[in-house]
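J.: Just so it is clear, I am handing over model06.tsv, which has TSV, C-alpha atoms and all ligand atoms.
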```tsv
chain	number	residue	atom	x	y	z
D	90	MET	CA	112.78	203.66	112.10
D	91	GLN	CA	111.55	207.22	112.51
D	92	THR	CA	114.18	209.93	112.55
D	93	ARG	CA	114.80	213.09	114.54
D	94	THR	CA	117.18	216.01	114.24
D	95	LEU	CA	120.31	216.47	116.31
D	96	GLY	CA	121.90	219.75	115.21
D	97	PRO	CA	122.75	219.31	111.53
D	98	VAL	CA	122.45	215.49	111.71
D	99	THR	CA	119.41	213.26	111.16
D	100	VAL	CA	119.42	210.28	113.55
D	101	SER	CA	117.07	207.47	114.55
D	102	ALA	CA	114.41	208.48	117.09
D	103	ILE	CA	115.87	205.88	119.49
D	104	GLY	CA	119.61	205.69	120.14
D	105	LEU	CA	121.68	202.97	121.80
D	106	GLY	CA	123.36	203.69	125.14
D	107	GLY	CA	126.72	201.92	125.29
D	108	MET	CA	127.45	202.09	129.02
D	109	PRO	CA	126.16	198.61	130.08
D	110	MET	CA	128.62	197.02	127.67
D	111	SER	CA	131.70	198.47	129.39
D	112	ILE	CA	131.13	199.08	133.10
D	113	GLU	CA	130.58	196.66	136.00
D	114	GLY	CA	128.54	193.63	134.90
D	115	ARG	CA	129.52	194.01	131.25
D	116	PRO	CA	129.15	191.03	128.91
D	117	ASP	CA	131.93	189.51	126.84
D	118	GLU	CA	132.95	191.36	123.72
D	119	ALA	CA	131.21	188.99	121.30
D	120	GLN	CA	127.83	189.62	122.97
D	121	SER	CA	128.43	193.38	122.93
D	122	VAL	CA	129.24	193.32	119.23
D	123	ARG	CA	126.06	191.29	118.58
D	124	THR	CA	124.09	193.88	120.57
D	125	ILE	CA	125.51	196.80	118.56
D	126	HIS	CA	124.90	194.95	115.28
D	127	ALA	CA	121.31	194.22	116.36
D	128	ALA	CA	120.82	197.94	117.00
D	129	LEU	CA	122.12	198.78	113.52
D	130	ASP	CA	119.91	196.08	111.97
D	131	ALA	CA	116.95	197.71	113.75
D	132	GLY	CA	117.75	201.07	112.16
D	133	VAL	CA	119.52	202.74	115.08
D	134	THR	CA	121.88	205.46	113.81
D	135	LEU	CA	122.84	207.10	117.12
D	136	ILE	CA	125.16	205.40	119.60
D	137	ASP	CA	125.99	207.12	122.87
D	138	THR	CA	129.31	206.47	124.58
D	139	ALA	CA	131.94	208.19	126.74
D	140	ASP	CA	135.65	207.83	127.37
D	141	ALA	CA	134.74	207.04	131.00
D	142	TYR	CA	132.61	204.00	130.12
D	143	HIS	CA	135.06	201.45	131.43
D	144	MET	CA	135.64	199.56	134.63
D	145	ASN	CA	139.31	199.17	135.47
D	146	ALA	CA	142.13	201.69	135.66
D	147	GLY	CA	144.05	201.97	132.41
D	148	GLU	CA	141.20	201.05	130.10
D	149	THR	CA	139.80	204.53	129.39
D	150	GLY	CA	137.96	204.46	126.06
D	151	HIS	CA	136.89	200.80	126.42
D	152	ASN	CA	133.37	201.53	125.14
D	153	GLU	CA	134.59	203.82	122.34
D	154	ARG	CA	136.95	201.12	121.05
D	155	LEU	CA	134.20	198.51	121.30
D	156	ILE	CA	131.80	200.65	119.24
D	157	ALA	CA	134.49	201.41	116.65
D	158	LYS	CA	135.22	197.68	116.35
D	159	ALA	CA	131.53	196.78	116.00
D	160	LEU	CA	130.98	199.44	113.34
D	161	ALA	CA	134.03	198.23	111.41
D	162	SER	CA	132.86	194.60	111.46
D	163	TYR	CA	129.20	195.38	110.60
D	164	PRO	CA	128.38	193.68	107.32
D	165	GLY	CA	125.92	196.44	106.30
D	166	ASP	CA	126.38	200.17	105.75
D	167	ALA	CA	127.16	201.98	109.01
D	168	SER	CA	128.37	205.19	107.39
D	169	ASP	CA	125.37	207.22	108.59
D	170	VAL	CA	125.80	206.30	112.28
D	171	LEU	CA	126.46	209.20	114.62
D	172	VAL	CA	128.70	208.19	117.51
D	173	ALA	CA	128.22	210.56	120.41
D	174	THR	CA	130.98	210.52	123.00
D	175	LYS	CA	131.78	212.61	126.05
D	176	GLY	CA	134.69	213.99	128.03
D	177	GLY	CA	135.01	215.39	131.53
D	178	HIS	CA	134.41	212.26	133.65
D	179	LEU	CA	137.06	209.84	134.85
D	180	ARG	CA	137.04	206.43	136.47
D	181	PRO	CA	140.08	205.76	138.63
D	182	GLY	CA	139.27	202.02	138.74
D	183	ASP	CA	137.89	201.74	142.28
D	184	GLY	CA	134.26	201.92	141.16
D	185	SER	CA	134.02	205.70	141.61
D	186	TRP	CA	133.38	208.44	139.06
D	187	THR	CA	135.35	211.69	139.29
D	188	VAL	CA	135.23	214.87	137.18
D	189	ASP	CA	137.81	217.05	135.45
D	190	GLY	CA	136.34	219.87	133.40
D	191	SER	CA	139.59	221.75	132.91
D	192	PRO	CA	140.34	222.84	129.35
D	193	VAL	CA	143.67	221.02	129.46
D	194	HIS	CA	141.95	217.73	130.33
D	195	LEU	CA	139.14	218.19	127.79
D	196	ARG	CA	141.68	218.82	125.01
D	197	GLU	CA	143.63	215.66	125.95
D	198	ALA	CA	140.43	213.62	126.37
D	199	ALA	CA	139.14	214.64	122.93
D	200	GLU	CA	142.47	213.63	121.33
D	201	ALA	CA	142.25	210.23	123.07
D	202	SER	CA	138.63	209.79	121.93
D	203	LEU	CA	139.60	210.57	118.33
D	204	LYS	CA	142.13	207.72	118.53
D	205	ALA	CA	139.78	205.32	120.33
D	206	LEU	CA	137.03	205.91	117.77
D	207	GLY	CA	139.48	205.89	114.87
D	208	VAL	CA	138.05	209.06	113.29
D	209	ASP	CA	139.38	212.42	112.09
D	210	ALA	CA	136.54	214.31	113.78
D	211	ILE	CA	134.20	213.24	116.59
D	212	GLY	CA	130.54	213.13	115.45
D	213	LEU	CA	129.03	214.60	118.64
D	214	TYR	CA	131.21	215.58	121.61
D	215	GLN	CA	129.41	216.20	124.89
D	216	PHE	CA	130.82	217.85	128.00
D	217	HIS	CA	129.93	215.06	130.41
D	218	ARG	CA	129.31	216.81	133.74
D	219	PRO	CA	129.99	220.26	135.25
D	220	ASP	CA	133.13	220.33	137.39
D	221	PRO	CA	132.56	222.42	140.56
D	222	LYS	CA	136.27	223.34	140.57
D	223	VAL	CA	136.22	224.82	137.04
D	224	PRO	CA	134.02	227.73	135.89
D	225	TYR	CA	131.45	226.31	133.46
D	226	ALA	CA	132.36	228.92	130.87
D	227	GLU	CA	135.97	227.66	130.83
D	228	SER	CA	134.91	224.06	130.18
D	229	ILE	CA	132.53	225.12	127.41
D	230	GLY	CA	135.24	227.40	126.00
D	231	ALA	CA	137.37	224.28	125.51
D	232	ILE	CA	134.50	222.57	123.66
D	233	LYS	CA	134.18	225.67	121.45
D	234	GLU	CA	137.90	225.48	120.62
D	235	LEU	CA	137.50	221.81	119.63
D	236	LEU	CA	134.57	222.79	117.42
D	237	ASP	CA	136.47	225.65	115.79
D	238	ALA	CA	139.49	223.39	115.22
D	239	GLY	CA	137.31	220.79	113.47
D	240	LYS	CA	138.17	218.08	116.03
D	241	ILE	CA	134.47	217.70	116.75
D	242	ARG	CA	131.64	218.07	114.24
D	243	VAL	CA	128.82	218.82	116.67
D	244	ALA	CA	128.82	219.96	120.33
D	245	GLY	CA	126.60	218.92	123.22
D	246	ILE	CA	126.44	219.05	127.01
D	247	SER	CA	125.22	216.70	129.71
D	248	ASN	CA	123.90	217.01	133.26
D	249	ALA	CA	123.22	220.70	132.70
D	250	SER	CA	120.79	223.16	134.30
D	251	ILE	CA	118.76	225.68	132.31
D	252	GLU	CA	121.31	228.38	133.23
D	253	GLN	CA	124.16	226.19	132.00
D	254	ILE	CA	122.28	225.41	128.78
D	255	ASP	CA	121.91	229.14	128.10
D	256	LEU	CA	125.54	229.84	128.98
D	257	ALA	CA	126.69	227.05	126.65
D	258	ARG	CA	124.49	228.43	123.86
D	259	SER	CA	126.01	231.87	124.20
D	260	ILE	CA	129.61	230.61	124.31
D	261	LEU	CA	129.29	228.08	121.50
D	262	GLY	CA	127.49	230.59	119.27
D	263	GLU	CA	124.14	230.67	117.53
D	264	GLY	CA	122.87	227.19	116.70
D	265	ASN	CA	126.04	225.43	117.86
D	266	LEU	CA	124.64	223.69	120.95
D	267	ALA	CA	123.11	220.64	119.32
D	268	SER	CA	122.11	218.51	122.30
D	269	VAL	CA	121.57	218.27	126.03
D	270	GLN	CA	121.78	214.85	127.72
D	271	ASN	CA	120.13	214.74	131.15
D	272	GLN	CA	118.67	212.01	133.34
D	273	PHE	CA	114.98	211.51	132.66
D	274	SER	CA	112.78	208.49	133.35
D	275	PRO	CA	109.46	207.59	135.02
D	276	ALA	CA	111.34	207.61	138.34
D	277	PHE	CA	113.37	210.76	137.66
D	278	ARG	CA	111.30	213.57	136.19
D	279	SER	CA	112.96	216.66	137.63
D	280	SER	CA	114.69	217.47	134.33
D	281	GLU	CA	111.35	218.14	132.64
D	282	GLY	CA	112.19	221.87	132.83
D	283	GLU	CA	115.38	221.37	130.80
D	284	LEU	CA	113.45	219.17	128.36
D	285	GLU	CA	110.90	221.96	127.78
D	286	HIS	CA	113.69	224.53	127.50
D	287	CYS	CA	115.39	222.44	124.82
D	288	ALA	CA	112.08	221.93	123.00
D	289	ALA	CA	111.52	225.70	122.86
D	290	ALA	CA	115.07	226.26	121.53
D	291	GLY	CA	115.10	223.34	119.06
D	292	ILE	CA	117.96	221.60	120.90
D	293	ALA	CA	117.93	217.78	120.96
D	294	PHE	CA	117.22	216.38	124.44
D	295	LEU	CA	118.69	212.94	125.12
D	296	PRO	CA	117.21	211.31	128.25
D	297	TRP	CA	119.84	209.17	130.00
D	298	SER	CA	118.90	206.10	132.04
D	299	PRO	CA	115.44	206.44	130.43
D	300	LEU	CA	114.36	203.07	131.81
D	301	GLY	CA	115.57	203.74	135.33
D	302	GLY	CA	119.16	202.59	134.88
D	303	ILE	CA	121.11	199.35	134.69
D	304	GLY	CA	119.72	196.74	137.09
D	305	ARG	CA	116.40	198.55	137.53
D	306	ALA	CA	115.13	198.73	133.93
D	307	GLY	CA	113.71	195.20	134.05
D	308	GLN	CA	111.34	196.05	136.91
D	309	LEU	CA	109.95	199.18	135.28
D	310	GLY	CA	106.43	197.80	134.86
D	311	ARG	CA	106.28	196.71	138.51
D	312	ARG	CA	107.79	199.91	139.90
D	313	HIS	CA	105.53	202.14	137.78
D	314	ALA	CA	102.17	200.42	137.53
D	315	ALA	CA	100.66	202.87	135.01
D	316	PHE	CA	103.38	201.99	132.48
D	317	GLY	CA	102.85	198.28	133.11
D	318	GLU	CA	99.08	198.52	132.66
D	319	ILE	CA	99.30	200.41	129.36
D	320	ALA	CA	101.94	197.95	128.16
D	321	THR	CA	99.58	195.03	128.87
D	322	ALA	CA	96.75	196.80	127.05
D	323	HIS	CA	98.93	197.30	123.93
D	324	GLY	CA	100.67	193.92	124.13
D	325	VAL	CA	104.12	195.55	124.32
D	326	SER	CA	106.79	195.93	127.01
D	327	PRO	CA	106.63	198.64	129.72
D	328	GLN	CA	110.04	199.76	128.43
D	329	GLN	CA	108.54	200.45	124.99
D	330	VAL	CA	105.67	202.40	126.60
D	331	THR	CA	108.20	204.48	128.53
D	332	LEU	CA	110.19	205.37	125.42
D	333	ALA	CA	107.01	206.14	123.42
D	334	TRP	CA	105.82	208.40	126.27
D	335	MET	CA	109.14	210.32	126.13
D	336	LEU	CA	109.08	210.59	122.35
D	337	ALA	CA	105.59	212.10	122.56
D	338	LYS	CA	106.78	214.87	124.90
D	339	ALA	CA	108.52	216.87	122.15
D	340	PRO	CA	110.07	216.31	118.71
D	341	VAL	CA	113.52	217.10	120.19
D	342	VAL	CA	113.49	214.06	122.52
D	343	ILE	CA	115.82	211.21	121.49
D	344	PRO	CA	116.06	208.54	124.25
D	345	ILE	CA	119.24	206.46	124.44
D	346	PRO	CA	118.28	203.23	126.25
D	347	GLY	CA	121.29	201.15	127.23
D	348	ALA	CA	121.62	197.50	126.31
D	349	SER	CA	124.01	194.63	126.74
D	350	ARG	CA	121.77	192.08	124.96
D	351	PRO	CA	120.38	192.23	121.42
D	352	GLU	CA	116.82	191.51	122.67
D	353	SER	CA	116.74	194.71	124.73
D	354	ILE	CA	117.64	197.12	121.95
D	355	ILE	CA	115.49	195.28	119.39
D	356	ASP	CA	112.51	195.80	121.71
D	357	SER	CA	113.39	199.42	122.52
D	358	ALA	CA	113.88	200.29	118.85
D	359	GLN	CA	110.21	199.52	118.22
D	360	ALA	CA	109.01	202.30	120.55
D	361	PRO	CA	108.55	204.92	117.79
D	362	GLU	CA	105.92	202.62	116.23
D	363	LEU	CA	103.81	202.74	119.39
D	364	THR	CA	101.26	205.56	119.45
D	365	LEU	CA	99.71	206.35	122.81
D	366	THR	CA	96.43	208.24	123.15
D	367	GLY	CA	96.24	211.67	124.77
D	368	GLU	CA	94.46	210.07	127.70
D	369	GLU	CA	97.18	207.44	128.12
D	370	LEU	CA	99.91	210.09	127.96
D	371	ALA	CA	98.12	212.24	130.54
D	372	GLY	CA	97.85	209.19	132.83
D	373	LEU	CA	101.59	208.53	132.53
D	374	ASP	CA	102.39	212.20	133.17
D	375	ALA	CA	100.39	212.19	136.40
D	401	LIG	N1	125.39	211.57	130.64
D	401	LIG	C1	125.42	210.85	131.73
D	401	LIG	O1	125.86	211.30	132.80
D	401	LIG	C2	124.92	209.44	131.66
D	401	LIG	C3	124.72	208.71	132.84
D	401	LIG	C4	124.23	207.40	132.72
D	401	LIG	C5	123.96	206.88	131.48
D	401	LIG	N2	124.21	207.61	130.34
D	401	LIG	C6	123.92	207.08	128.99
D	401	LIG	O2	122.57	206.74	128.92
D	401	LIG	C7	122.45	205.38	128.48
D	401	LIG	C8	121.21	204.75	129.04
D	401	LIG	O3	121.25	204.72	130.44
D	401	LIG	P1	121.54	203.37	131.26
D	401	LIG	O4	122.17	202.37	130.38
D	401	LIG	O5	122.24	203.80	132.49
D	401	LIG	O6	120.10	202.92	131.75
D	401	LIG	P2	118.74	202.50	131.03
D	401	LIG	O7	118.80	202.78	129.58
D	401	LIG	O8	117.66	203.12	131.82
D	401	LIG	O9	118.72	200.95	131.32
D	401	LIG	C9	119.65	200.10	130.72
D	401	LIG	C10	119.20	198.68	130.89
D	401	LIG	O10	117.92	198.55	130.35
D	401	LIG	C11	117.76	197.26	129.86
D	401	LIG	N3	116.84	197.38	128.70
D	401	LIG	C12	117.01	198.19	127.63
D	401	LIG	N4	115.95	198.09	126.78
D	401	LIG	C13	115.11	197.20	127.36
D	401	LIG	C14	113.85	196.67	126.97
D	401	LIG	N5	113.26	197.08	125.85
D	401	LIG	N6	113.26	195.76	127.78
D	401	LIG	C15	113.86	195.37	128.93
D	401	LIG	N7	115.07	195.85	129.36
D	401	LIG	C16	115.67	196.75	128.56
D	401	LIG	C17	119.12	196.78	129.42
D	401	LIG	O11	119.25	195.42	129.78
D	401	LIG	P3	120.37	194.45	129.19
D	401	LIG	O12	121.67	195.00	129.73
D	401	LIG	O13	120.00	193.15	129.76
D	401	LIG	O14	120.33	194.55	127.70
D	401	LIG	C18	120.06	197.71	130.14
D	401	LIG	O15	120.91	197.09	131.05
D	401	LIG	C19	123.76	204.75	128.96
D	401	LIG	O16	124.00	203.52	128.33
D	401	LIG	C20	124.73	205.84	128.63
D	401	LIG	O17	125.03	205.81	127.26
D	401	LIG	C21	124.66	208.88	130.44
```
Could you spell out this file's structure in structure tokens?
T.:
Amino acid sequence: MQTRTLGPVTVSAIGLGGMPMSIEGRPDEAQSVRTIHAALDAGVTLIDTADAYHMNAGETGHNERLIAKALASYPGDASDVLVATKGGHLRPGDGSWTVDGSPVHLREAAEASLKALGVDAIGLYQFHRPDPKVPYAESIGAIKELLDAGKIRVAGISNASIEQIDLARSILGEGNLASVQNQFSPAFRSSEGELEHCAAAGIAFLPWSPLGGIGRAGQLGRRHAAFGEIATAHGVSPQQVTLAWMLAKAPVVIPIPGASRPESIIDSAQAPELTLTGEELAGLDA
């Protein structure tokens, strides 16, 4: 597995997104653990999660606990795995997603994530989504406090504009904004500006829902014919072509495809081995 840089940490070029294993439609725990173990077997050393990846009220941290359990039961060495979690989103249990970016909530959420993950310091802590009711600088100030207190090792943000990226950089201090996680896929390309901004600044860019999201990822080759055609030509899946196309955009790009089955992440983890020609990449960009 090729590696890339996320702040001071070296991680696999493809990460595993944990969300499908904890929200609506999630599999049983044994299948999720098999999926996480398959990712580790394939060389994945970045797992993305969030306290809000759960379904029902009262089970905040479901996905964090699942990942901690799978890492603990992995028969190999999982000591170099970076678990990236997030705070600032909530799920009341009625299917909706709400936000709370207040410093008081972020401090409490980080403490709960430390417990759920069973660690002394969170590997990468990402502010999940701007809260319109709270000035962005206040939310990021809380992340800076967590960093200074050693509760989190590395800081990141998610769903951020270029202005918010620059504000976070200035508040966190030189070199302390390690990653930006924004939606980016063949169907959703409007965050290309943030991707380029991160590339210029040497900040890791983690595309979320890179395959179009849960329930749509399987139809990628049909929905986006160019990806399907190149996949056929190379004898690989359209999902692999998509991830290879993203990886080729800049060395800071680290996609985090979700999975709830081992087969999905085993296939996705092979994307760094796929080299697309300049002509193919230009065709996919069009
Ligand atoms: N920051 C944010 O606001 C935010 C928002 C959404 C998601 N995320 C993060 O981003 C991650 C990825 O996004 P996502 O899970 O929403 O969507 P996604 O990665 O676009 O799609 C996930 C689905 O793709 C399928 N899949 C994965 N690899 C495949 C392959 N090689 N071939 C065929 N199907 C494949 C999986 O199917 P199976 O389930 O059958 O394995 C999975 O359900 C999430 O898990 C989460 O960690 C962050």
J.: Write out as a PyMOL selection string the residues lying within 8 Å of Gly96 in chain D, counting only C-alpha atoms and excluding same-chain residues fewer than 4 positions away.
T.: chain D and resi 243+264-268+292-293
J.: Report the centre and edge lengths, in Å to one decimal, of an axis-aligned box enclosing every atom of ligand LIG 401 (chain D) listed in the file, padded by 4 Å on each side, as JSON.
T.:
```
{"center_x": 119.6, "center_y": 202.4, "center_z": 129.3, "size_x": 20.6, "size_y": 26.4, "size_z": 15.0}
```
J.: Do you know which residues are within 7 Å of ligand LIG 401 (chain D) using all atoms listed in the file? Can you write them as a VMD selection string?
T.: chain D and resid 105 to 109 137 to 138 217 to 218 247 to 248 270 to 272 297 to 304 306 to 307 326 328 to 329 345 to 354 356 to 357
J.: Which one of D:Ala173, D:Leu195, D:Ala314, D:Val208 sits closest to Lys233 in chain D if you count only C-alpha atoms?
T.: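 Among the listed residues, D:Leu195 lies closest to Lys233 in chain D.
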J.: What does the structure give for the distance between CA of Gly190 in chain D and CA of Val269 in chain D, in Å to one decimal?
T.: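 One can read the CA of Gly190 in chain D to CA of Val269 in chain D distance as 16.6 Å.
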J.: Taking all atoms listed in the file into account, which of D:Gly239, D:Ile246, D:Ala358, D:Leu213 comes nearest Tyr225 in chain D?
T.: D:Ile246
J.: Point out the residue among D:Leu261, D:Val133, D:Ile232, D:Leu309 with the least atom-to-atom distance to Ala198 in chain D, counting only C-alpha atoms.
T.: D:Ile232
J.: With distances taken over all atoms listed in the file, which residue among D:Ala157, D:Leu179, D:Asp169, D:Val223 lies nearest Gly207 in chain D?
T.: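 Result for the nearest residue to Gly207 in chain D: D:Ala157.
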J.: CA of Gly184 in chain D and CA of Met144 in chain D, how far apart in Å?
T.: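 Distance between the two atoms: 7.1 Å.
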J.: Using CA of Ser162 in chain D and CA of Leu206 in chain D as the two end points, give the distance in Å to one decimal.
T.: 13.6 Å
J.: Between D:Met90, D:Ala244, D:Val341, D:Leu171, which residue has the minimum interatomic distance to Glu283 in chain D, considering all atoms listed in the file?
T.: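 Checking each of D:Met90, D:Ala244, D:Val341, D:Leu171 against Glu283 in chain D, counting all atoms listed in the file, the winner is D:Val341.
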J.: I want to know what sits within 9 Å of Ala337 in chain D, based on all atoms listed in the file, with residues of the same chain fewer than 4 positions away left out; could you give that as JSON, numbers by chain?
T.: {"D": [332, 333, 342, 364, 365, 370]}
J.: Would you mind exporting the chosen residues as an mmCIF file, in the coordinates of the input, restricted to C-alpha atoms?
T.:
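Now in part-v8.cif:
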```cif
data_model
loop_
_atom_site.group_PDB
_atom_site.id
_atom_site.type_symbol
_atom_site.label_atom_id
_atom_site.label_comp_id
_atom_site.auth_asym_id
_atom_site.auth_seq_id
_atom_site.Cartn_x
_atom_site.Cartn_y
_atom_site.Cartn_z
ATOM 1 C CA LEU D 332 110.190 205.370 125.420
ATOM 2 C CA ALA D 333 107.010 206.140 123.420
ATOM 3 C CA VAL D 342 113.490 214.060 122.520
ATOM 4 C CA THR D 364 101.260 205.560 119.450
ATOM 5 C CA LEU D 365 99.710 206.350 122.810
ATOM 6 C CA LEU D 370 99.910 210.090 127.960
#
```
J.: Name all residues at most 8 Å from Thr149 in chain D (count all atoms listed in the file; drop same-chain ones fewer than 3 positions away) and give them as a PyMOL selection string.
T.: chain D and resi 140-143+146+180
J.: Write a file of the just-selected residues containing C-alpha atoms, as a compact mmCIF listing (two decimals), in the coordinates of the input.
T.:
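Listing of selection.txt after writing:
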```
# COMPACT_ATOMS: atom_id res chain seq x y z
CA ASP D 140 135.65 207.83 127.37
CA ALA D 141 134.74 207.04 131.00
CA TYR D 142 132.61 204.00 130.12
CA HIS D 143 135.06 201.45 131.43
CA ALA D 146 142.13 201.69 135.66
CA ARG D 180 137.04 206.43 136.47
```
J.: Quick one: residues within 9 Å of Ser191 in chain D, all atoms listed in the file counted, chain neighbours fewer than 6 positions away excluded, as a list in words?
T.: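 Contacts, with the query itself left out: Gly177, Asp220, Lys222, Val223, Pro224, Glu227, Ser228 and Ala231 of chain D.
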J.: Using all atoms listed in the file, which residues sit within 10 Å of Ile343 in chain D once same-chain residues fewer than 6 positions away are excluded, as a PyMOL selection string?
T.: chain D and resi 92-95+100-104+135+268+270+293-297+332+335-336
J.: Counting all atoms listed in the file, which of D:Ile251, D:Val325, D:Ile211, D:Ile112 gets nearest to Gln359 in chain D?
T.: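 Ranking D:Ile251, D:Val325, D:Ile211, D:Ile112 by distance to Gln359 in chain D, first place goes to D:Val325.
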